[in-house]
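With TSV, C-alpha atoms and all ligand atoms inside, this is data.tsv:
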chain	number	residue	atom	x	y	z
A	1	MET	CA	0.00	0.00	0.00
A	2	THR	CA	1.19	3.51	-0.85
A	3	VAL	CA	0.93	6.72	1.20
A	4	ALA	CA	1.85	10.19	-0.04
A	5	LEU	CA	3.40	13.05	1.94
A	6	VAL	CA	2.82	16.58	0.68
A	7	PRO	CA	5.08	19.28	2.15
A	8	ALA	CA	2.94	22.45	1.90
A	9	ALA	CA	4.19	24.46	4.87
A	10	GLY	CA	6.43	26.90	3.02
A	11	ARG	CA	5.88	30.65	2.99
A	12	GLY	CA	6.28	31.17	-0.75
A	13	GLU	CA	8.71	34.05	-0.36
A	14	ARG	CA	9.89	33.94	-3.96
A	15	LEU	CA	6.29	33.95	-5.20
A	16	GLY	CA	5.54	36.94	-2.96
A	17	SER	CA	1.93	35.95	-2.28
A	18	ALA	CA	0.06	37.37	0.74
A	19	GLY	CA	-0.52	33.93	2.33
A	20	PRO	CA	1.27	30.58	1.97
A	21	LYS	CA	2.04	29.50	-1.62
A	22	ALA	CA	0.10	26.23	-1.22
A	23	MET	CA	-3.11	28.25	-0.62
A	24	VAL	CA	-2.70	30.42	-3.73
A	25	SER	CA	-5.78	29.84	-5.87
A	26	LEU	CA	-5.58	28.82	-9.53
A	27	HIS	CA	-8.67	27.92	-11.57
A	28	GLY	CA	-10.77	28.02	-8.40
A	29	LEU	CA	-8.68	25.70	-6.21
A	30	PRO	CA	-5.62	26.23	-3.99
A	31	LEU	CA	-2.37	24.77	-5.37
A	32	VAL	CA	-2.25	22.15	-2.60
A	33	ALA	CA	-5.73	20.91	-3.60
A	34	HIS	CA	-4.61	20.49	-7.22
A	35	ALA	CA	-1.58	18.53	-5.99
A	36	VAL	CA	-3.61	16.26	-3.67
A	37	ARG	CA	-6.26	15.70	-6.34
A	38	GLY	CA	-3.57	14.60	-8.81
A	39	LEU	CA	-2.07	12.14	-6.33
A	40	LEU	CA	-5.45	10.55	-5.56
A	41	ALA	CA	-6.42	10.49	-9.26
A	42	ALA	CA	-3.45	8.17	-9.90
A	43	GLY	CA	-5.47	5.41	-8.20
A	44	CYS	CA	-2.48	3.91	-6.34
A	45	VAL	CA	-2.33	6.27	-3.33
A	46	ARG	CA	-4.32	5.12	-0.29
A	47	HIS	CA	-3.80	8.11	2.02
A	48	VAL	CA	-2.26	11.59	1.80
A	49	VAL	CA	-0.60	13.43	4.71
A	50	VAL	CA	-0.18	17.17	4.11
A	51	ALA	CA	2.25	19.27	6.19
A	52	ALA	CA	0.62	22.71	6.56
A	53	PRO	CA	1.80	26.03	7.99
A	54	VAL	CA	0.77	25.91	11.66
A	55	ALA	CA	-1.44	29.00	11.34
A	56	HIS	CA	-3.21	27.56	8.27
A	57	GLN	CA	-3.85	23.99	9.37
A	58	ALA	CA	-7.63	24.38	9.80
A	59	GLU	CA	-7.97	26.30	6.52
A	60	MET	CA	-6.05	23.59	4.63
A	61	THR	CA	-8.04	20.79	6.26
A	62	ALA	CA	-11.26	22.48	5.10
A	63	ALA	CA	-9.89	22.94	1.57
A	64	LEU	CA	-8.83	19.27	1.24
A	65	SER	CA	-11.41	17.19	3.10
A	66	ALA	CA	-13.65	16.78	0.02
A	67	PHE	CA	-10.91	15.09	-2.01
A	68	GLY	CA	-10.65	11.83	-0.07
A	69	PRO	CA	-8.46	10.28	2.64
A	70	VAL	CA	-6.29	13.25	3.62
A	71	SER	CA	-4.80	14.22	7.00
A	72	VAL	CA	-3.25	17.61	7.67
A	73	VAL	CA	-0.42	17.94	10.21
A	74	PRO	CA	1.62	20.98	11.29
A	75	GLY	CA	4.77	21.52	9.22
A	76	GLY	CA	8.26	22.43	10.44
A	77	VAL	CA	10.88	25.17	10.04
A	78	ASP	CA	12.19	23.87	6.71
A	79	ARG	CA	11.09	21.36	4.07
A	80	THR	CA	13.14	18.57	5.67
A	81	ALA	CA	11.39	19.09	9.03
A	82	SER	CA	7.95	19.23	7.37
A	83	VAL	CA	8.51	15.95	5.50
A	84	HIS	CA	9.80	14.26	8.64
A	85	LEU	CA	6.70	15.31	10.63
A	86	ALA	CA	4.42	14.08	7.81
A	87	LEU	CA	6.34	10.79	7.62
A	88	LEU	CA	5.93	10.15	11.36
A	89	ALA	CA	2.17	10.86	11.07
A	90	ALA	CA	1.90	8.53	8.05
A	91	ILE	CA	3.66	5.69	9.90
A	92	GLU	CA	1.25	6.18	12.82
A	93	HIS	CA	-1.97	6.45	10.75
A	94	VAL	CA	-1.15	3.88	8.03
A	95	PRO	CA	1.11	1.32	9.75
A	96	ASP	CA	0.93	-1.18	6.88
A	97	ALA	CA	2.17	1.28	4.22
A	98	GLY	CA	5.12	-0.18	2.29
A	99	ILE	CA	5.70	2.62	-0.22
A	100	VAL	CA	5.85	6.34	0.45
A	101	LEU	CA	5.74	9.15	-2.12
A	102	VAL	CA	6.92	12.66	-1.26
A	103	HIS	CA	5.37	15.32	-3.47
A	104	ASP	CA	5.69	19.13	-3.35
A	105	ALA	CA	2.41	21.04	-3.13
A	106	ALA	CA	4.15	23.49	-5.46
A	107	ARG	CA	4.14	20.85	-8.27
A	108	ALA	CA	0.38	21.26	-8.45
A	109	PHE	CA	-0.26	19.94	-11.97
A	110	THR	CA	1.78	16.74	-11.91
A	111	PRO	CA	0.13	14.15	-14.20
A	112	PRO	CA	-1.34	11.09	-12.41
A	113	ALA	CA	0.61	8.93	-14.92
A	114	LEU	CA	3.89	10.19	-13.39
A	115	VAL	CA	2.62	9.30	-9.90
A	116	ARG	CA	1.91	5.77	-11.14
A	117	SER	CA	5.25	5.44	-12.91
A	118	VAL	CA	7.23	6.32	-9.74
A	119	THR	CA	5.05	4.04	-7.58
A	120	GLU	CA	5.40	1.14	-10.02
A	121	ALA	CA	9.20	1.48	-10.07
A	122	VAL	CA	9.30	1.18	-6.26
A	123	ALA	CA	6.81	-1.70	-6.31
A	124	ALA	CA	9.10	-3.43	-8.84
A	125	GLY	CA	11.94	-3.39	-6.31
A	126	ALA	CA	13.79	-0.05	-6.47
A	127	GLN	CA	14.22	1.34	-2.93
A	128	ALA	CA	14.32	4.96	-4.08
A	129	VAL	CA	13.04	6.51	-7.32
A	130	VAL	CA	13.08	10.08	-8.63
A	131	PRO	CA	11.55	11.52	-11.82
A	132	VAL	CA	14.13	13.43	-13.87
A	133	LEU	CA	14.40	15.55	-17.00
A	134	PRO	CA	17.50	16.27	-19.09
A	135	VAL	CA	19.02	19.69	-18.33
A	136	THR	CA	18.67	22.08	-21.28
A	137	ASP	CA	20.78	24.97	-19.93
A	138	THR	CA	24.52	24.65	-19.45
A	139	VAL	CA	25.16	24.58	-15.68
A	140	LYS	CA	28.27	26.10	-14.06
A	141	ARG	CA	29.65	25.88	-10.55
A	142	VAL	CA	30.71	29.28	-9.17
A	143	ASP	CA	32.65	30.46	-6.10
A	144	THR	CA	31.36	32.99	-3.52
A	145	ASP	CA	32.41	35.88	-5.82
A	146	GLY	CA	30.35	34.45	-8.68
A	147	VAL	CA	33.45	33.42	-10.64
A	148	VAL	CA	33.10	30.16	-12.56
A	149	VAL	CA	34.91	27.21	-11.01
A	150	ASP	CA	33.97	24.54	-13.53
A	151	THR	CA	31.37	23.33	-16.01
A	152	PRO	CA	30.00	19.84	-15.36
A	153	SER	CA	29.16	17.88	-18.49
A	154	ARG	CA	25.50	18.50	-19.26
A	155	ALA	CA	25.08	14.93	-20.47
A	156	ASP	CA	25.59	13.76	-16.86
A	157	LEU	CA	23.10	16.20	-15.30
A	158	ARG	CA	19.37	15.77	-14.62
A	159	ALA	CA	16.77	18.13	-13.17
A	160	VAL	CA	14.87	16.33	-10.41
A	161	GLN	CA	11.14	16.53	-9.78
A	162	THR	CA	8.60	15.00	-7.42
A	163	PRO	CA	6.87	12.72	-6.56
A	164	GLN	CA	9.91	10.86	-5.25
A	165	GLY	CA	9.13	7.29	-4.19
A	166	PHE	CA	10.73	5.14	-1.50
A	167	ALA	CA	10.41	1.92	0.40
A	168	ILE	CA	9.00	3.51	3.57
A	169	ASP	CA	11.68	1.96	5.79
A	170	VAL	CA	14.43	3.50	3.67
A	171	LEU	CA	12.94	6.98	3.97
A	172	ARG	CA	12.44	6.54	7.72
A	173	ARG	CA	16.12	5.53	8.14
A	174	ALA	CA	17.26	8.45	5.96
A	175	TYR	CA	15.33	10.94	8.08
A	176	GLU	CA	16.53	9.43	11.35
A	177	ALA	CA	20.13	9.78	10.12
A	178	ALA	CA	19.47	13.38	8.99
A	179	ASP	CA	17.99	14.20	12.40
A	180	SER	CA	21.02	13.01	14.30
A	181	THR	CA	23.38	15.13	12.20
A	182	VAL	CA	21.04	18.16	11.80
A	183	LEU	CA	21.13	17.80	8.05
A	184	SER	CA	18.75	19.59	5.74
A	185	ALA	CA	18.22	18.87	2.05
A	186	THR	CA	16.29	20.30	-0.88
A	187	ASP	CA	15.00	16.86	-1.82
A	188	ASP	CA	14.34	13.58	-0.07
A	189	ALA	CA	16.51	11.45	-2.32
A	190	GLY	CA	19.49	13.55	-1.17
A	191	LEU	CA	19.06	12.17	2.35
A	192	VAL	CA	18.64	8.63	1.03
A	193	GLU	CA	21.89	8.97	-0.98
A	194	ARG	CA	23.68	9.82	2.28
A	195	ILE	CA	22.72	6.46	3.84
A	196	GLY	CA	24.17	4.68	0.81
A	197	VAL	CA	20.95	3.48	-0.82
A	198	PRO	CA	20.97	3.70	-4.65
A	199	VAL	CA	18.48	6.18	-6.11
A	200	HIS	CA	16.97	5.19	-9.46
A	201	THR	CA	15.46	7.51	-12.05
A	202	VAL	CA	12.37	7.41	-14.25
A	203	PRO	CA	11.48	9.93	-16.99
A	204	GLY	CA	9.87	13.07	-15.52
A	205	ASP	CA	7.27	15.29	-17.14
A	206	VAL	CA	7.39	19.03	-17.92
A	207	ALA	CA	3.89	19.29	-16.43
A	208	ALA	CA	5.39	18.43	-13.01
A	209	MET	CA	7.11	21.86	-13.02
A	210	LYS	CA	7.55	23.53	-9.64
A	211	ILE	CA	5.73	26.81	-9.15
A	212	THR	CA	8.36	28.99	-7.46
A	213	THR	CA	8.15	32.50	-8.97
A	214	PRO	CA	5.32	34.73	-10.29
A	215	PHE	CA	6.53	33.77	-13.81
A	216	ASP	CA	6.01	30.05	-13.00
A	217	LEU	CA	2.51	30.80	-11.70
A	218	ALA	CA	1.66	32.67	-14.90
A	219	VAL	CA	3.00	29.75	-16.99
A	220	ALA	CA	0.97	27.24	-14.94
A	221	ALA	CA	-2.17	29.39	-15.22
A	222	ALA	CA	-1.81	29.56	-19.01
A	223	VAL	CA	-0.80	25.95	-19.63
A	224	PHE	CA	-3.22	24.30	-17.23
A	225	ALA	CA	-6.29	26.44	-18.04
A	226	ARG	CA	-9.35	24.20	-17.90
B	301	LIG	N1	7.86	23.42	2.44
B	301	LIG	C1	7.39	22.88	3.65
B	301	LIG	N2	7.85	23.36	4.85
B	301	LIG	C2	8.75	24.36	4.88
B	301	LIG	C3	9.27	24.91	3.68
B	301	LIG	C4	8.80	24.40	2.46
B	301	LIG	O1	6.54	21.99	3.63
B	301	LIG	N3	9.14	24.82	6.08
B	301	LIG	C5	7.29	22.94	1.17
B	301	LIG	C6	6.65	24.04	0.33
B	301	LIG	O2	5.34	24.32	0.82
B	301	LIG	C7	6.68	23.49	-1.07
B	301	LIG	C8	7.90	22.54	-1.05
B	301	LIG	O3	8.30	22.40	0.32
B	301	LIG	O4	5.51	22.75	-1.42
B	301	LIG	C9	9.03	23.08	-1.91
B	301	LIG	O5	9.50	24.29	-1.35
B	301	LIG	P1	9.55	25.70	-2.09
B	301	LIG	O6	9.13	25.56	-3.51
B	301	LIG	O7	10.84	26.33	-1.74
B	301	LIG	O8	8.32	26.47	-1.38
B	301	LIG	P2	8.42	27.65	-0.31
B	301	LIG	O9	9.43	27.34	0.73
B	301	LIG	O10	7.02	27.93	0.12
B	301	LIG	O11	8.91	28.88	-1.22
B	301	LIG	P3	10.10	29.93	-0.90
B	301	LIG	O12	11.35	29.10	-0.73
B	301	LIG	O13	10.11	30.82	-2.10
B	301	LIG	O14	9.69	30.65	0.36
B	302	MG	MG	11.55	27.14	0.16
In structure tokens, write the structure found in this file.
Ligand code: CTP
Ligand code: MG
Amino acid sequence: MTVALVPAAGRGERLGSAGPKAMVSLHGLPLVAHAVRGLLAAGCVRHVVVAAPVAHQAEMTAALSAFGPVSVVPGGVDRTASVHLALLAAIEHVPDAGIVLVHDAARAFTPPALVRSVTEAVAAGAQAVVPVLPVTDTVKRVDTDGVVVDTPSRADLRAVQTPQGFAIDVLRRAYEAADSTVLSATDDAGLVERIGVPVHTVPGDVAAMKITTPFDLAVAAAVFAR
């Protein structure tokens, strides 16, 4: 059985919205509701645990209760803390879950087919799976003065999306290890890499884009107009 964790407790500083980014409305629904709806539409997710900003927990619960089996828990100070809190709640509420997906509320229009593809790769035996796209820009590493240090070969680089899928025990161990060393990461697979578990990739989808800036929101509004 598969559970999904949705970190949605960020402030959305780069978007510059009045409230939390996950509650920004697009086509009549908050972004977090689009994200949860997409997860449940995949047909393989039994329960969703959303990490909400503490001050917006009741509001998010009200916005999500119509979509199906969803619990809303208070988030933490950073994404890593929010995912860890959601993971502990998922283990408590759905003790027989074997697979866990972690999916950003900000990737509101992720196709259900991508959710299934990640889940199926974990069910087939991979312990950790991330959806990736080839990188189209050349990427450079710079020093603190902004001077280029080197240029990694683009052929070796991938842009990583969510949902990321894991054997639930692997993700639990990764977060326990991160806790004891006060590590934080921008994605969950990064913590799994640190405990030495191989992370596999499946093809991502441009529609799983992350809404970070006002430009991204305008793109999402135009592309996903219904
Ligand atoms: N997130 C979270 N808890 C936090 C910080 C972030 O659950 N303390 C979530 C966000 O809600 C988002 C996802 O992690 O769904 C990815 O983070 P990001 O896109 O950076 O969102 P924000 O942190 O809200 O945006 P910003 O960094 O611009 O403030
Ligand atoms: Mg952030």
Hey, could you make a per-residue contact list for chain A against ligand LIG 301 (chain B) with 6 Å as the cut-off, showing the nearest pair of atoms and its distance in Å to one decimal, counting all atoms listed in the file, sorted by chain and number, as a Markdown table?
| residue | atom | partner | partner_atom | distance |
| --- | --- | --- | --- | --- |
| A:Pro7 | CA | B:LIG301 | O1 | 3.4 |
| A:Ala8 | CA | B:LIG301 | O2 | 3.2 |
| A:Ala9 | CA | B:LIG301 | O1 | 3.6 |
| A:Gly10 | CA | B:LIG301 | O10 | 3.1 |
| A:Arg11 | CA | B:LIG301 | O10 | 4.1 |
| A:Gly12 | CA | B:LIG301 | O10 | 3.4 |
| A:Glu13 | CA | B:LIG301 | O14 | 3.6 |
| A:Arg14 | CA | B:LIG301 | O13 | 3.6 |
| A:Leu15 | CA | B:LIG301 | O13 | 5.8 |
| A:Lys21 | CA | B:LIG301 | O10 | 5.5 |
| A:Ala22 | CA | B:LIG301 | O2 | 5.9 |
| A:Ala51 | CA | B:LIG301 | O1 | 5.7 |
| A:Gly75 | CA | B:LIG301 | N2 | 5.7 |
| A:Gly76 | CA | B:LIG301 | N3 | 5.0 |
| A:Val77 | CA | B:LIG301 | N3 | 4.3 |
| A:Asp78 | CA | B:LIG301 | N3 | 3.3 |
| A:Arg79 | CA | B:LIG301 | N2 | 3.9 |
| A:Ser82 | CA | B:LIG301 | N2 | 4.8 |
| A:Asp104 | CA | B:LIG301 | O4 | 4.1 |
| A:Ala105 | CA | B:LIG301 | O4 | 3.9 |
| A:Ala106 | CA | B:LIG301 | O4 | 4.3 |
| A:Thr212 | CA | B:LIG301 | O6 | 5.3 |
Kindly export the residues of the current selection with C-alpha atoms, as an mmCIF file, in the coordinates of the input.
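New file out-v2.cif:
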data_model
loop_
_atom_site.group_PDB
_atom_site.id
_atom_site.type_symbol
_atom_site.label_atom_id
_atom_site.label_comp_id
_atom_site.auth_asym_id
_atom_site.auth_seq_id
_atom_site.Cartn_x
_atom_site.Cartn_y
_atom_site.Cartn_z
ATOM 1 C CA PRO A 7 5.080 19.280 2.150
ATOM 2 C CA ALA A 8 2.940 22.450 1.900
ATOM 3 C CA ALA A 9 4.190 24.460 4.870
ATOM 4 C CA GLY A 10 6.430 26.900 3.020
ATOM 5 C CA ARG A 11 5.880 30.650 2.990
ATOM 6 C CA GLY A 12 6.280 31.170 -0.750
ATOM 7 C CA GLU A 13 8.710 34.050 -0.360
ATOM 8 C CA ARG A 14 9.890 33.940 -3.960
ATOM 9 C CA LEU A 15 6.290 33.950 -5.200
ATOM 10 C CA LYS A 21 2.040 29.500 -1.620
ATOM 11 C CA ALA A 22 0.100 26.230 -1.220
ATOM 12 C CA ALA A 51 2.250 19.270 6.190
ATOM 13 C CA GLY A 75 4.770 21.520 9.220
ATOM 14 C CA GLY A 76 8.260 22.430 10.440
ATOM 15 C CA VAL A 77 10.880 25.170 10.040
ATOM 16 C CA ASP A 78 12.190 23.870 6.710
ATOM 17 C CA ARG A 79 11.090 21.360 4.070
ATOM 18 C CA SER A 82 7.950 19.230 7.370
ATOM 19 C CA ASP A 104 5.690 19.130 -3.350
ATOM 20 C CA ALA A 105 2.410 21.040 -3.130
ATOM 21 C CA ALA A 106 4.150 23.490 -5.460
ATOM 22 C CA THR A 212 8.360 28.990 -7.460
#
#### Entry: A:Pro152, A:Gly19, A:Gly165, A:Gly196 ranked by distance to Gly125 of chain A, top pick (using all atoms listed in the file)
A:Gly165
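When only C-alpha atoms are used to compute distances to Gly98 of chain A, the closest of the residues A:Leu171, A:Leu39, A:Leu29, A:Ala178 turns out to be A:Leu171.
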#### Entry: Counting all atoms listed in the file, the residue of A:Asp187, A:Asp205, A:Glu193, A:Asp137 that sits nearest ligand MG 302 (chain B)
A:Asp187
### Query
When distances are computed from all atoms listed in the file, which of A:Gly204, A:Leu5, A:Asp188, A:Ala108 shows the smallest separation from Ser71 of chain A?
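Answer, going by the shortest atom-to-atom distance: A:Leu5.
Closest approach to ligand MG 302 (chain B) among A:Ala89, A:Ala42, A:Ile211, A:Val72 is made by A:Ile211 (distances from all atoms listed in the file).
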#### Entry: Residue with smallest distance to ligand MG 302 (chain B) - pool A:Leu157, A:Val122, A:Gly16, A:Pro111, counting only C-alpha atoms and all ligand atoms
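Looking at the shortest contact to ligand MG 302 (chain B), the residue is A:Gly16.
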### Message
Report, in Å to a single decimal, how far apart atom CA of His103 of chain A and atom CA of Val199 of chain A are.
### Response
16.2 Å
Using the partial input, fill out segment 87-114 of chain A with N, CA and C atoms; write the result as a PDB file, in the frame of the given file.
ATOM      1  N   LEU A  87       5.975  12.219   7.662  1.00  0.00           N
ATOM      2  CA  LEU A  87       6.340  10.790   7.620  1.00  0.00           C
ATOM      3  C   LEU A  87       5.970  10.096   8.932  1.00  0.00           C
ATOM      4  N   LEU A  88       6.264  10.748  10.064  1.00  0.00           N
ATOM      5  CA  LEU A  88       5.930  10.150  11.360  1.00  0.00           C
ATOM      6  C   LEU A  88       4.415   9.978  11.497  1.00  0.00           C
ATOM      7  N   ALA A  89       3.648  10.961  11.016  1.00  0.00           N
ATOM      8  CA  ALA A  89       2.170  10.860  11.070  1.00  0.00           C
ATOM      9  C   ALA A  89       1.688   9.736  10.168  1.00  0.00           C
ATOM     10  N   ALA A  90       2.312   9.579   8.990  1.00  0.00           N
ATOM     11  CA  ALA A  90       1.900   8.530   8.050  1.00  0.00           C
ATOM     12  C   ALA A  90       2.158   7.148   8.648  1.00  0.00           C
ATOM     13  N   ILE A  91       3.315   6.982   9.305  1.00  0.00           N
ATOM     14  CA  ILE A  91       3.660   5.690   9.900  1.00  0.00           C
ATOM     15  C   ILE A  91       2.654   5.348  11.012  1.00  0.00           C
ATOM     16  N   GLU A  92       2.207   6.392  11.745  1.00  0.00           N
ATOM     17  CA  GLU A  92       1.250   6.180  12.820  1.00  0.00           C
ATOM     18  C   GLU A  92      -0.154   5.845  12.274  1.00  0.00           C
ATOM     19  N   HIS A  93      -0.591   6.609  11.251  1.00  0.00           N
ATOM     20  CA  HIS A  93      -1.970   6.450  10.750  1.00  0.00           C
ATOM     21  C   HIS A  93      -2.121   5.264   9.809  1.00  0.00           C
ATOM     22  N   VAL A  94      -1.064   4.948   9.034  1.00  0.00           N
ATOM     23  CA  VAL A  94      -1.150   3.880   8.030  1.00  0.00           C
ATOM     24  C   VAL A  94       0.019   2.920   8.260  1.00  0.00           C
ATOM     25  N   PRO A  95      -0.057   2.125   9.357  1.00  0.00           N
ATOM     26  CA  PRO A  95       1.110   1.320   9.750  1.00  0.00           C
ATOM     27  C   PRO A  95       1.506   0.263   8.722  1.00  0.00           C
ATOM     28  N   ASP A  96       0.571  -0.146   7.847  1.00  0.00           N
ATOM     29  CA  ASP A  96       0.930  -1.180   6.880  1.00  0.00           C
ATOM     30  C   ASP A  96       1.395  -0.607   5.539  1.00  0.00           C
ATOM     31  N   ALA A  97       1.680   0.691   5.469  1.00  0.00           N
ATOM     32  CA  ALA A  97       2.170   1.280   4.220  1.00  0.00           C
ATOM     33  C   ALA A  97       3.570   0.754   3.917  1.00  0.00           C
ATOM     34  N   GLY A  98       3.802   0.317   2.677  1.00  0.00           N
ATOM     35  CA  GLY A  98       5.120  -0.180   2.290  1.00  0.00           C
ATOM     36  C   GLY A  98       5.870   0.805   1.411  1.00  0.00           C
ATOM     37  N   ILE A  99       5.106   1.650   0.695  1.00  0.00           N
ATOM     38  CA  ILE A  99       5.700   2.620  -0.220  1.00  0.00           C
ATOM     39  C   ILE A  99       5.254   4.009   0.188  1.00  0.00           C
ATOM     40  N   VAL A 100       6.203   4.957   0.150  1.00  0.00           N
ATOM     41  CA  VAL A 100       5.850   6.340   0.450  1.00  0.00           C
ATOM     42  C   VAL A 100       6.294   7.224  -0.712  1.00  0.00           C
ATOM     43  N   LEU A 101       5.408   8.132  -1.114  1.00  0.00           N
ATOM     44  CA  LEU A 101       5.740   9.150  -2.120  1.00  0.00           C
ATOM     45  C   LEU A 101       5.871  10.478  -1.387  1.00  0.00           C
ATOM     46  N   VAL A 102       6.834  11.299  -1.789  1.00  0.00           N
ATOM     47  CA  VAL A 102       6.920  12.660  -1.260  1.00  0.00           C
ATOM     48  C   VAL A 102       6.740  13.609  -2.433  1.00  0.00           C
ATOM     49  N   HIS A 103       5.760  14.500  -2.318  1.00  0.00           N
ATOM     50  CA  HIS A 103       5.370  15.320  -3.470  1.00  0.00           C
ATOM     51  C   HIS A 103       5.125  16.766  -3.050  1.00  0.00           C
ATOM     52  N   ASP A 104       5.852  17.707  -3.666  1.00  0.00           N
ATOM     53  CA  ASP A 104       5.690  19.130  -3.350  1.00  0.00           C
ATOM     54  C   ASP A 104       4.303  19.635  -3.738  1.00  0.00           C
ATOM     55  N   ALA A 105       3.673  20.352  -2.797  1.00  0.00           N
ATOM     56  CA  ALA A 105       2.410  21.040  -3.130  1.00  0.00           C
ATOM     57  C   ALA A 105       2.625  21.981  -4.299  1.00  0.00           C
ATOM     58  N   ALA A 106       3.840  22.522  -4.411  1.00  0.00           N
ATOM     59  CA  ALA A 106       4.150  23.490  -5.460  1.00  0.00           C
ATOM     60  C   ALA A 106       4.179  22.869  -6.858  1.00  0.00           C
ATOM     61  N   ARG A 107       4.210  21.531  -6.954  1.00  0.00           N
ATOM     62  CA  ARG A 107       4.140  20.850  -8.270  1.00  0.00           C
ATOM     63  C   ARG A 107       2.682  20.436  -8.466  1.00  0.00           C
ATOM     64  N   ALA A 108       1.826  21.447  -8.577  1.00  0.00           N
ATOM     65  CA  ALA A 108       0.380  21.260  -8.450  1.00  0.00           C
ATOM     66  C   ALA A 108      -0.239  20.478  -9.593  1.00  0.00           C
ATOM     67  N   PHE A 109       0.371  20.526 -10.781  1.00  0.00           N
ATOM     68  CA  PHE A 109      -0.260  19.940 -11.970  1.00  0.00           C
ATOM     69  C   PHE A 109       0.472  18.701 -12.484  1.00  0.00           C
ATOM     70  N   THR A 110       1.084  17.976 -11.558  1.00  0.00           N
ATOM     71  CA  THR A 110       1.780  16.740 -11.910  1.00  0.00           C
ATOM     72  C   THR A 110       0.795  15.699 -12.446  1.00  0.00           C
ATOM     73  N   PRO A 111       1.062  15.122 -13.622  1.00  0.00           N
ATOM     74  CA  PRO A 111       0.130  14.150 -14.200  1.00  0.00           C
ATOM     75  C   PRO A 111       0.027  12.878 -13.351  1.00  0.00           C
ATOM     76  N   PRO A 112      -1.176  12.350 -13.141  1.00  0.00           N
ATOM     77  CA  PRO A 112      -1.340  11.090 -12.410  1.00  0.00           C
ATOM     78  C   PRO A 112      -0.479   9.965 -12.999  1.00  0.00           C
ATOM     79  N   ALA A 113      -0.226   9.982 -14.314  1.00  0.00           N
ATOM     80  CA  ALA A 113       0.610   8.930 -14.920  1.00  0.00           C
ATOM     81  C   ALA A 113       2.025   8.941 -14.341  1.00  0.00           C
ATOM     82  N   LEU A 114       2.553  10.119 -13.980  1.00  0.00           N
ATOM     83  CA  LEU A 114       3.890  10.190 -13.390  1.00  0.00           C
ATOM     84  C   LEU A 114       3.876   9.602 -11.967  1.00  0.00           C
TER      85      LEU A 114
END
